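Q: My structure is in final10.txt, and what it holds is compact mmCIF, C-alpha atoms:
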# COMPACT_ATOMS: atom_id res chain seq x y z
CA MET A 1 121.98 102.73 50.53
CA ILE A 2 119.33 102.78 47.79
CA PRO A 3 118.47 106.33 46.76
CA ALA A 4 114.83 107.38 46.67
CA VAL A 5 113.50 108.48 43.26
CA ALA A 6 110.85 111.18 42.91
CA GLY A 7 109.97 113.07 39.76
CA GLY A 8 113.01 111.73 37.96
CA ARG A 9 115.38 113.07 40.60
CA GLU A 10 117.25 110.99 43.11
CA TYR A 11 117.15 111.87 46.81
CA PRO A 12 119.30 110.03 49.33
CA GLU A 13 117.42 108.43 52.23
CA PRO A 14 117.78 110.36 55.48
CA VAL A 15 120.45 108.98 57.74
CA VAL A 16 119.10 108.22 61.22
CA GLY A 17 121.87 107.74 63.70
CA TRP A 18 121.67 104.79 66.05
CA LEU A 19 121.79 107.16 69.00
CA SER A 20 118.88 109.44 68.17
CA GLY A 21 117.47 111.78 70.81
CA ARG A 22 115.05 109.18 72.15
CA ARG A 23 117.72 106.49 72.29
CA TRP A 24 120.11 108.86 74.02
CA ARG A 25 117.50 109.41 76.73
CA PHE A 26 116.92 105.67 77.05
CA VAL A 27 120.65 104.98 77.42
CA ALA A 28 121.00 107.84 79.91
CA VAL A 29 118.16 106.44 82.03
CA LEU A 30 119.76 102.98 82.00
CA VAL A 31 123.10 104.42 83.08
CA LEU A 32 121.48 106.43 85.88
CA LEU A 33 119.54 103.38 87.10
CA ALA A 34 122.68 101.25 87.01
CA ALA A 35 124.58 103.89 89.00
CA PHE A 36 121.72 104.26 91.49
CA TYR A 37 121.47 100.53 92.18
CA SER A 38 125.22 100.16 92.33
CA VAL A 39 125.45 102.84 95.02
CA SER A 40 122.40 101.41 96.82
CA TRP A 41 123.97 97.94 96.80
CA GLN A 42 127.07 99.33 98.49
CA LEU A 43 125.16 101.45 101.03
CA ALA A 44 122.87 98.55 101.97
CA ARG A 45 125.92 96.29 102.35
CA VAL A 46 124.21 93.46 100.50
CA ASP A 47 126.21 90.28 101.04
CA PRO A 48 124.74 87.07 99.55
CA GLY A 49 127.56 85.12 101.22
CA LYS A 50 126.27 86.08 104.65
CA LEU A 51 122.80 84.97 103.64
CA MET A 52 124.07 81.55 102.60
CA THR A 53 125.92 81.28 105.91
CA GLY A 54 122.87 82.35 107.92
CA LEU A 55 120.32 80.06 106.28
CA PRO A 56 121.56 76.89 108.03
CA LYS A 57 121.36 78.76 111.35
CA MET A 58 117.72 79.64 110.65
CA ALA A 59 117.03 76.01 109.73
CA SER A 60 118.52 74.97 113.08
CA TRP A 61 116.24 77.44 114.89
CA ALA A 62 113.20 76.08 113.03
CA ALA A 63 114.10 72.55 114.09
CA LYS A 64 114.42 73.64 117.72
CA ALA A 65 111.03 75.40 117.58
CA TRP A 66 109.07 72.17 117.14
CA PRO A 67 106.80 71.35 118.87
CA PRO A 68 105.34 74.78 119.69
CA ALA A 69 104.97 75.69 123.35
CA THR A 70 101.40 75.93 124.65
CA ASP A 71 101.98 76.34 128.39
CA GLU A 72 101.51 80.15 128.19
CA LEU A 73 98.76 80.13 125.58
CA SER A 74 96.31 82.14 127.71
CA VAL A 75 98.88 84.90 128.25
CA LEU A 76 99.74 85.02 124.56
CA LEU A 77 96.07 85.20 123.57
CA GLN A 78 95.60 88.09 125.99
CA ARG A 79 98.55 89.89 124.38
CA THR A 80 97.02 89.23 120.98
CA ALA A 81 93.75 90.76 122.16
CA GLU A 82 95.76 93.81 123.26
CA THR A 83 97.20 94.05 119.76
CA VAL A 84 93.77 93.94 118.11
CA ALA A 85 92.46 96.49 120.62
CA MET A 86 95.38 98.82 119.92
CA ALA A 87 94.64 98.69 116.20
CA ALA A 88 90.89 99.15 116.67
CA ILE A 89 91.10 102.14 119.03
CA GLY A 90 93.98 103.76 117.14
CA THR A 91 92.17 103.43 113.80
CA THR A 92 88.89 104.73 115.24
CA VAL A 93 90.57 107.78 116.82
CA ALA A 94 92.37 108.44 113.54
CA ALA A 95 89.10 108.25 111.59
CA LEU A 96 87.36 110.70 113.93
CA LEU A 97 90.25 113.14 113.62
CA ALA A 98 90.47 112.65 109.85
CA LEU A 99 86.81 113.45 109.19
CA PRO A 100 87.02 117.25 109.61
CA LEU A 101 90.55 117.48 108.25
CA CYS A 102 89.75 115.65 104.99
CA VAL A 103 87.17 118.37 104.23
CA LEU A 104 89.85 121.04 104.57
CA ALA A 105 92.26 118.98 102.47
CA ALA A 106 89.83 118.40 99.56
CA ARG A 107 90.24 121.15 96.96
CA ASN A 108 86.63 120.99 95.71
CA ILE A 109 84.95 121.60 99.09
CA THR A 110 87.53 123.29 101.31
CA PRO A 111 86.32 126.66 102.63
CA SER A 112 89.58 128.36 101.58
CA LEU A 113 92.81 127.53 99.80
CA ALA A 114 94.53 129.23 102.72
CA LEU A 115 93.34 126.21 104.74
CA TYR A 116 93.86 123.66 101.97
CA TYR A 117 97.65 123.88 101.73
CA PRO A 118 98.41 123.85 105.48
CA ALA A 119 96.04 120.88 105.87
CA ARG A 120 97.84 118.99 103.11
CA TRP A 121 101.26 119.79 104.58
CA PHE A 122 100.12 118.64 108.01
CA LEU A 123 98.80 115.35 106.60
CA ASN A 124 102.04 114.77 104.72
CA ALA A 125 103.99 115.31 107.95
CA LEU A 126 101.85 112.74 109.78
CA ARG A 127 102.16 110.25 106.93
CA GLY A 128 105.90 110.77 106.71
CA ILE A 129 106.47 109.51 110.27
CA ASP A 130 105.77 105.82 110.71
CA SER A 131 103.60 104.54 113.57
CA PHE A 132 106.68 102.68 114.84
CA VAL A 133 108.52 105.99 115.32
CA PHE A 134 105.49 107.63 116.91
CA ALA A 135 105.14 104.68 119.30
CA LEU A 136 108.81 104.99 120.24
CA LEU A 137 108.31 108.67 121.09
CA PHE A 138 105.16 108.01 123.10
CA VAL A 139 106.81 105.21 125.07
CA ALA A 140 109.23 107.84 126.31
CA ALA A 141 106.34 110.24 127.00
CA VAL A 142 103.64 108.04 128.58
CA GLY A 143 105.61 104.93 129.52
CA LEU A 144 105.58 101.32 128.41
CA GLY A 145 102.34 99.64 127.43
CA PRO A 146 99.69 99.49 124.72
CA PHE A 147 98.57 103.11 125.21
CA ALA A 148 101.77 104.29 123.52
CA GLY A 149 100.95 101.95 120.64
CA VAL A 150 97.43 103.36 120.34
CA LEU A 151 98.80 106.90 120.09
CA GLY A 152 101.44 105.90 117.56
CA ILE A 153 98.90 104.15 115.35
CA ALA A 154 96.40 106.99 115.66
CA LEU A 155 98.77 109.75 114.54
CA HIS A 156 100.18 107.97 111.51
CA THR A 157 96.79 106.61 110.43
CA TRP A 158 95.24 110.06 110.88
CA GLY A 159 97.40 111.49 108.13
CA SER A 160 97.03 108.53 105.78
CA THR A 161 93.26 108.18 106.21
CA ALA A 162 92.53 111.90 105.82
CA LYS A 163 94.61 112.06 102.64
CA LEU A 164 92.83 109.09 101.04
CA TRP A 165 89.44 110.45 102.08
CA ALA A 166 90.29 113.88 100.66
CA GLU A 167 91.25 112.30 97.34
CA ALA A 168 88.00 110.31 97.31
CA ILE A 169 86.06 113.54 97.89
CA GLU A 170 87.91 115.30 95.07
CA ASN A 171 86.98 112.50 92.64
CA ILE A 172 83.20 112.57 93.17
CA PRO A 173 80.95 114.21 90.53
CA PRO A 174 80.30 117.88 91.34
CA GLY A 175 76.59 117.78 90.43
CA PRO A 176 75.03 116.76 93.78
CA ILE A 177 77.20 119.20 95.74
CA GLU A 178 76.41 122.10 93.40
CA ALA A 179 72.69 121.28 93.48
CA ALA A 180 72.65 121.18 97.27
CA ALA A 181 74.59 124.45 97.50
CA ALA A 182 72.19 126.11 95.04
CA THR A 183 69.28 125.49 97.42
CA GLY A 184 70.97 127.69 100.00
CA ALA A 185 71.95 124.82 102.30
CA SER A 186 74.76 125.47 104.74
CA ARG A 187 78.16 123.91 104.16
CA LEU A 188 77.54 121.41 106.95
CA LYS A 189 74.27 120.28 105.35
CA VAL A 190 75.93 120.02 101.94
CA VAL A 191 78.59 117.75 103.40
CA ALA A 192 76.08 115.68 105.38
CA PHE A 193 73.38 115.21 102.73
CA ALA A 194 75.14 115.59 99.37
CA LEU A 195 78.74 114.55 99.98
CA LEU A 196 78.62 111.69 102.48
CA PRO A 197 76.06 109.55 100.60
CA ASP A 198 78.36 109.51 97.57
CA VAL A 199 81.72 109.12 99.27
CA GLY A 200 80.62 107.27 102.42
CA PRO A 201 81.14 103.68 101.18
CA SER A 202 84.61 104.55 99.91
CA MET A 203 85.51 106.18 103.22
CA VAL A 204 84.34 103.16 105.21
CA SER A 205 86.33 100.87 102.90
CA VAL A 206 89.46 102.96 103.49
CA GLY A 207 88.86 102.83 107.24
CA LEU A 208 88.53 99.03 107.16
CA PHE A 209 91.73 98.78 105.16
CA TRP A 210 93.64 100.80 107.75
CA TRP A 211 92.23 98.74 110.62
CA GLU A 212 93.40 95.59 108.84
CA PHE A 213 96.80 97.15 108.15
CA ASN A 214 97.20 98.40 111.72
CA VAL A 215 96.57 94.96 113.19
CA ARG A 216 99.61 93.75 111.25
CA ALA A 217 101.61 96.85 112.18
CA SER A 218 100.69 96.50 115.86
CA THR A 219 102.40 93.12 116.06
CA VAL A 220 105.81 94.79 115.90
CA LEU A 221 105.14 97.85 118.07
CA GLY A 222 105.93 95.76 121.13
CA VAL A 223 109.56 95.78 120.02
CA VAL A 224 109.76 99.36 121.34
CA GLY A 225 107.75 98.55 124.47
CA ALA A 226 104.30 99.48 123.16
CA GLY A 227 102.67 96.29 124.45
CA GLY A 228 100.74 93.64 122.60
CA ILE A 229 101.95 90.35 121.16
CA GLY A 230 105.00 92.08 119.66
CA GLN A 231 106.51 92.49 123.09
CA GLU A 232 106.19 88.75 123.74
CA LEU A 233 107.71 88.11 120.31
CA LYS A 234 110.76 90.21 121.15
CA ASN A 235 111.15 88.61 124.58
CA SER A 236 111.03 85.11 123.10
CA MET A 237 113.60 86.03 120.46
CA ASP A 238 115.94 87.63 122.99
CA LEU A 239 115.79 84.56 125.25
CA LEU A 240 116.02 82.12 122.30
CA LEU A 241 112.72 80.47 123.32
CA PHE A 242 112.04 79.06 119.87
CA PRO A 243 108.98 76.86 120.70
CA ARG A 244 107.31 79.89 122.30
CA LEU A 245 108.33 82.01 119.32
CA LEU A 246 106.69 79.53 116.93
CA THR A 247 103.47 79.66 118.95
CA ILE A 248 103.44 83.46 118.78
CA ILE A 249 104.03 83.48 115.03
CA ALA A 250 101.20 80.97 114.53
CA ILE A 251 98.82 83.09 116.63
CA ILE A 252 99.75 86.22 114.65
CA LEU A 253 99.16 84.46 111.33
CA VAL A 254 95.75 83.15 112.41
CA THR A 255 94.68 86.53 113.81
CA VAL A 256 95.78 88.48 110.73
CA THR A 257 94.14 85.97 108.38
CA VAL A 258 90.79 86.14 110.22
CA ILE A 259 90.83 89.94 110.25
CA ASP A 260 91.84 90.12 106.58
CA HIS A 261 88.91 87.91 105.56
CA THR A 262 86.50 89.81 107.80
CA SER A 263 87.61 93.16 106.39
CA GLU A 264 87.38 91.85 102.82
CA TRP A 265 83.85 90.54 103.46
CA LEU A 266 82.75 93.89 104.89
CA ARG A 267 84.24 95.80 101.94
CA ARG A 268 82.37 93.56 99.49
CA ARG A 269 79.13 94.30 101.34
CA LEU A 270 79.74 98.02 100.79
CA GLU A 271 80.16 97.72 97.02
Could the structure of this file be written out as C-alpha cells, please?
A:
Amino acid sequence: MIPAVAGGREYPEPVVGWLSGRRWRFVAVLVLLAAFYSVSWQLARVDPGKLMTGLPKMASWAAKAWPPATDELSVLLQRTAETVAMAAIGTTVAALLALPLCVLAARNITPSLALYYPARWFLNALRGIDSFVFALLFVAAVGLGPFAGVLGIALHTWGSTAKLWAEAIENIPPGPIEAAAATGASRLKVVAFALLPDVGPSMVSVGLFWWEFNVRASTVLGVVGAGGIGQELKNSMDLLLFPRLLTIIAIILVTVTVIDHTSEWLRRRLE
C-alpha cells in the first residue's frame, strides 16, 4: 500500500473491505434469490427428464392431427362466435359497473376517503380472483353454458378495469377539474364535462384491451363448462380427436389475431 502524503505527513489509504455494506446487501439478495428459486424448483416438481420423454409423444400427436378435420366446421364456428360474444358482453357489463366505481376509487375526485379505501379493497378482491375461478363458481350456480362465462369475465374485468381507470383519472392534470368546480358546477357535471374529455380516450383504450384479453381468456373457460370453443377443445382432447383439435386451435388463432389487429387499429385511432 502506498501511503498518501499531505503537508509533509504520511496518511495511510483507507482500507475498504471487499464485503462493504453495499456488497453485503448484494450477496444477501443473491443468496435469498437462490434459496427462493431452489425451493420453488422443488415445489413445482420441475423435471426436465419428463419433458424430454413427453416431447416425442407430442410430436406423435401433431402427426396424427394432420389433416385437420372440417366436417364439423359450422359447429366450431358457432362455438367461436359464442366465445367472442361472451367476451364482448362480459367486458361491456364490466365497463358499465366500473364507471361509477372508478370515481370512488380515484383519490383526486372521490367524494370521501371513507369511500376511497373500501372501493380500492373491493377492486383488489375482484382482481385477485381470476375469471376462470369465477366461471367455475357460476357454473355451479347457474348451470353449464356461456352465461356462466359471461358472469365470470364480468366480475374479474370489473375490478381490473375500474382500477386502471381510477389510476388514469388520478394522473390527469388538476387544472380543468378545479376550474369546473370553481364555477359552482355539480360533481356530476365536473365529471361529465371536465374529467371525461381528458381521460375518455385512455378509458376506451383500456376497455378495448380488456375485450381483446377476454377473447383469449374465454377460449379456456369451456374447460369448466362455461361454453364457447373451449368446451369443444376440451372434448376433443379428452377423446383424442387430434384432427378436430388442430382445427379448433387454428380457428382460435385466426379469431384472436383478427381481434388483436382490430383492437390495435381502434386504439391508434384514439391517440
Q: Need to verify the contact set: segment 161-166 of chain A, 6 Å, all atoms listed in the file, exclusion of same-chain residues closer than 4 positions in sequence. Can you return it as a ChimeraX atom specification?
A: /A:98,102,105-106,157,203
Q: Quote the spacing between atom CA of Trp158 of chain A and atom CA of Leu126 of chain A in Å to one decimal place.
A: 7.2 Å
Q: Counting only C-alpha atoms, note down every residue that has an atom within 12 Å of the point (98.3, 104.7, 109.3) (file coordinates), as an MDAnalysis selection string.
A: chainID A and resid 87:88 90:95 98 123:124 126:134 149:164 206:218
Q: For the residues selected in the previous step, produce a file with C-alpha atoms as a PDB file, in the frame of the given file.
A:
ATOM      1  CA  ALA A  87      94.640  98.690 116.200  1.00  0.00           C
ATOM      2  CA  ALA A  88      90.890  99.150 116.670  1.00  0.00           C
ATOM      3  CA  GLY A  90      93.980 103.760 117.140  1.00  0.00           C
ATOM      4  CA  THR A  91      92.170 103.430 113.800  1.00  0.00           C
ATOM      5  CA  THR A  92      88.890 104.730 115.240  1.00  0.00           C
ATOM      6  CA  VAL A  93      90.570 107.780 116.820  1.00  0.00           C
ATOM      7  CA  ALA A  94      92.370 108.440 113.540  1.00  0.00           C
ATOM      8  CA  ALA A  95      89.100 108.250 111.590  1.00  0.00           C
ATOM      9  CA  ALA A  98      90.470 112.650 109.850  1.00  0.00           C
ATOM     10  CA  LEU A 123      98.800 115.350 106.600  1.00  0.00           C
ATOM     11  CA  ASN A 124     102.040 114.770 104.720  1.00  0.00           C
ATOM     12  CA  LEU A 126     101.850 112.740 109.780  1.00  0.00           C
ATOM     13  CA  ARG A 127     102.160 110.250 106.930  1.00  0.00           C
ATOM     14  CA  GLY A 128     105.900 110.770 106.710  1.00  0.00           C
ATOM     15  CA  ILE A 129     106.470 109.510 110.270  1.00  0.00           C
ATOM     16  CA  ASP A 130     105.770 105.820 110.710  1.00  0.00           C
ATOM     17  CA  SER A 131     103.600 104.540 113.570  1.00  0.00           C
ATOM     18  CA  PHE A 132     106.680 102.680 114.840  1.00  0.00           C
ATOM     19  CA  VAL A 133     108.520 105.990 115.320  1.00  0.00           C
ATOM     20  CA  PHE A 134     105.490 107.630 116.910  1.00  0.00           C
ATOM     21  CA  GLY A 149     100.950 101.950 120.640  1.00  0.00           C
ATOM     22  CA  VAL A 150      97.430 103.360 120.340  1.00  0.00           C
ATOM     23  CA  LEU A 151      98.800 106.900 120.090  1.00  0.00           C
ATOM     24  CA  GLY A 152     101.440 105.900 117.560  1.00  0.00           C
ATOM     25  CA  ILE A 153      98.900 104.150 115.350  1.00  0.00           C
ATOM     26  CA  ALA A 154      96.400 106.990 115.660  1.00  0.00           C
ATOM     27  CA  LEU A 155      98.770 109.750 114.540  1.00  0.00           C
ATOM     28  CA  HIS A 156     100.180 107.970 111.510  1.00  0.00           C
ATOM     29  CA  THR A 157      96.790 106.610 110.430  1.00  0.00           C
ATOM     30  CA  TRP A 158      95.240 110.060 110.880  1.00  0.00           C
ATOM     31  CA  GLY A 159      97.400 111.490 108.130  1.00  0.00           C
ATOM     32  CA  SER A 160      97.030 108.530 105.780  1.00  0.00           C
ATOM     33  CA  THR A 161      93.260 108.180 106.210  1.00  0.00           C
ATOM     34  CA  ALA A 162      92.530 111.900 105.820  1.00  0.00           C
ATOM     35  CA  LYS A 163      94.610 112.060 102.640  1.00  0.00           C
ATOM     36  CA  LEU A 164      92.830 109.090 101.040  1.00  0.00           C
ATOM     37  CA  VAL A 206      89.460 102.960 103.490  1.00  0.00           C
ATOM     38  CA  GLY A 207      88.860 102.830 107.240  1.00  0.00           C
ATOM     39  CA  LEU A 208      88.530  99.030 107.160  1.00  0.00           C
ATOM     40  CA  PHE A 209      91.730  98.780 105.160  1.00  0.00           C
ATOM     41  CA  TRP A 210      93.640 100.800 107.750  1.00  0.00           C
ATOM     42  CA  TRP A 211      92.230  98.740 110.620  1.00  0.00           C
ATOM     43  CA  GLU A 212      93.400  95.590 108.840  1.00  0.00           C
ATOM     44  CA  PHE A 213      96.800  97.150 108.150  1.00  0.00           C
ATOM     45  CA  ASN A 214      97.200  98.400 111.720  1.00  0.00           C
ATOM     46  CA  VAL A 215      96.570  94.960 113.190  1.00  0.00           C
ATOM     47  CA  ARG A 216      99.610  93.750 111.250  1.00  0.00           C
ATOM     48  CA  ALA A 217     101.610  96.850 112.180  1.00  0.00           C
ATOM     49  CA  SER A 218     100.690  96.500 115.860  1.00  0.00           C
TER      50      SER A 218
END
Q: For segment 243-254 of chain A, find every residue with an atom within 6 Å (counting all atoms listed in the file), except residues of its own chain fewer than 2 positions away, and show them as a PyMOL selection string.
A: chain A and resi 65-66+68-69+236+241+256-257
Q: Could you save those same residues with C-alpha atoms as an mmCIF file, keeping the file's coordinate frame?
A:
data_model
loop_
_atom_site.group_PDB
_atom_site.id
_atom_site.type_symbol
_atom_site.label_atom_id
_atom_site.label_comp_id
_atom_site.auth_asym_id
_atom_site.auth_seq_id
_atom_site.Cartn_x
_atom_site.Cartn_y
_atom_site.Cartn_z
ATOM 1 C CA ALA A 65 111.030 75.400 117.580
ATOM 2 C CA TRP A 66 109.070 72.170 117.140
ATOM 3 C CA PRO A 68 105.340 74.780 119.690
ATOM 4 C CA ALA A 69 104.970 75.690 123.350
ATOM 5 C CA SER A 236 111.030 85.110 123.100
ATOM 6 C CA LEU A 241 112.720 80.470 123.320
ATOM 7 C CA VAL A 256 95.780 88.480 110.730
ATOM 8 C CA THR A 257 94.140 85.970 108.380
#
Q: With only C-alpha atoms as the counted atoms, please give the residues lying no more than 12 Å from Arg269 of chain A, apart from itself and same-chain residues fewer than 2 positions off, as a ChimeraX atom specification.
A: /A:201-202,204-205,262-267,271
Q: As an exercise, work out the distance from atom CA of Thr83 of chain A to atom CA of Gly228 of chain A in Å and give it to one decimal place.
A: 4.6 Å
Q: Pick out the closest residue to Leu221 of chain A from this set: A:Phe147, A:Phe242, A:Phe36, A:Trp24. Count only C-alpha atoms.
A: A:Phe147
Q: If you measure from atom CA of Thr70 of chain A to atom CA of Ala85 of chain A, what distance in Å do you get, rounded to one decimal?
A: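 These two atoms are separated by 22.8 Å.
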Q: Which is closest to Asn108 of chain A among A:Ile229, A:Val39, A:Ile169, A:Leu196, if we use only C-alpha atoms?
A: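 That would be A:Ile169, the residue with the smallest distance to Asn108 of chain A.
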Q: Would you compute, for all listed atoms of segment 231-246 of chain A, the axis-aligned bounding box grown by 5 Å on each side, and then report its centre and edge lengths in Å rounded to one decimal, as JSON?
A:
{"center_x": 111.1, "center_y": 84.7, "center_z": 121.1, "size_x": 19.8, "size_y": 25.6, "size_z": 18.3}
Q: For a quick check of understanding, using all atoms listed in the file, which of A:Leu96, A:Val220, A:Leu32, A:Ile109 has the smallest distance to Thr80 of chain A?
A: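 Closest residue, counting all atoms listed in the file: A:Val220.
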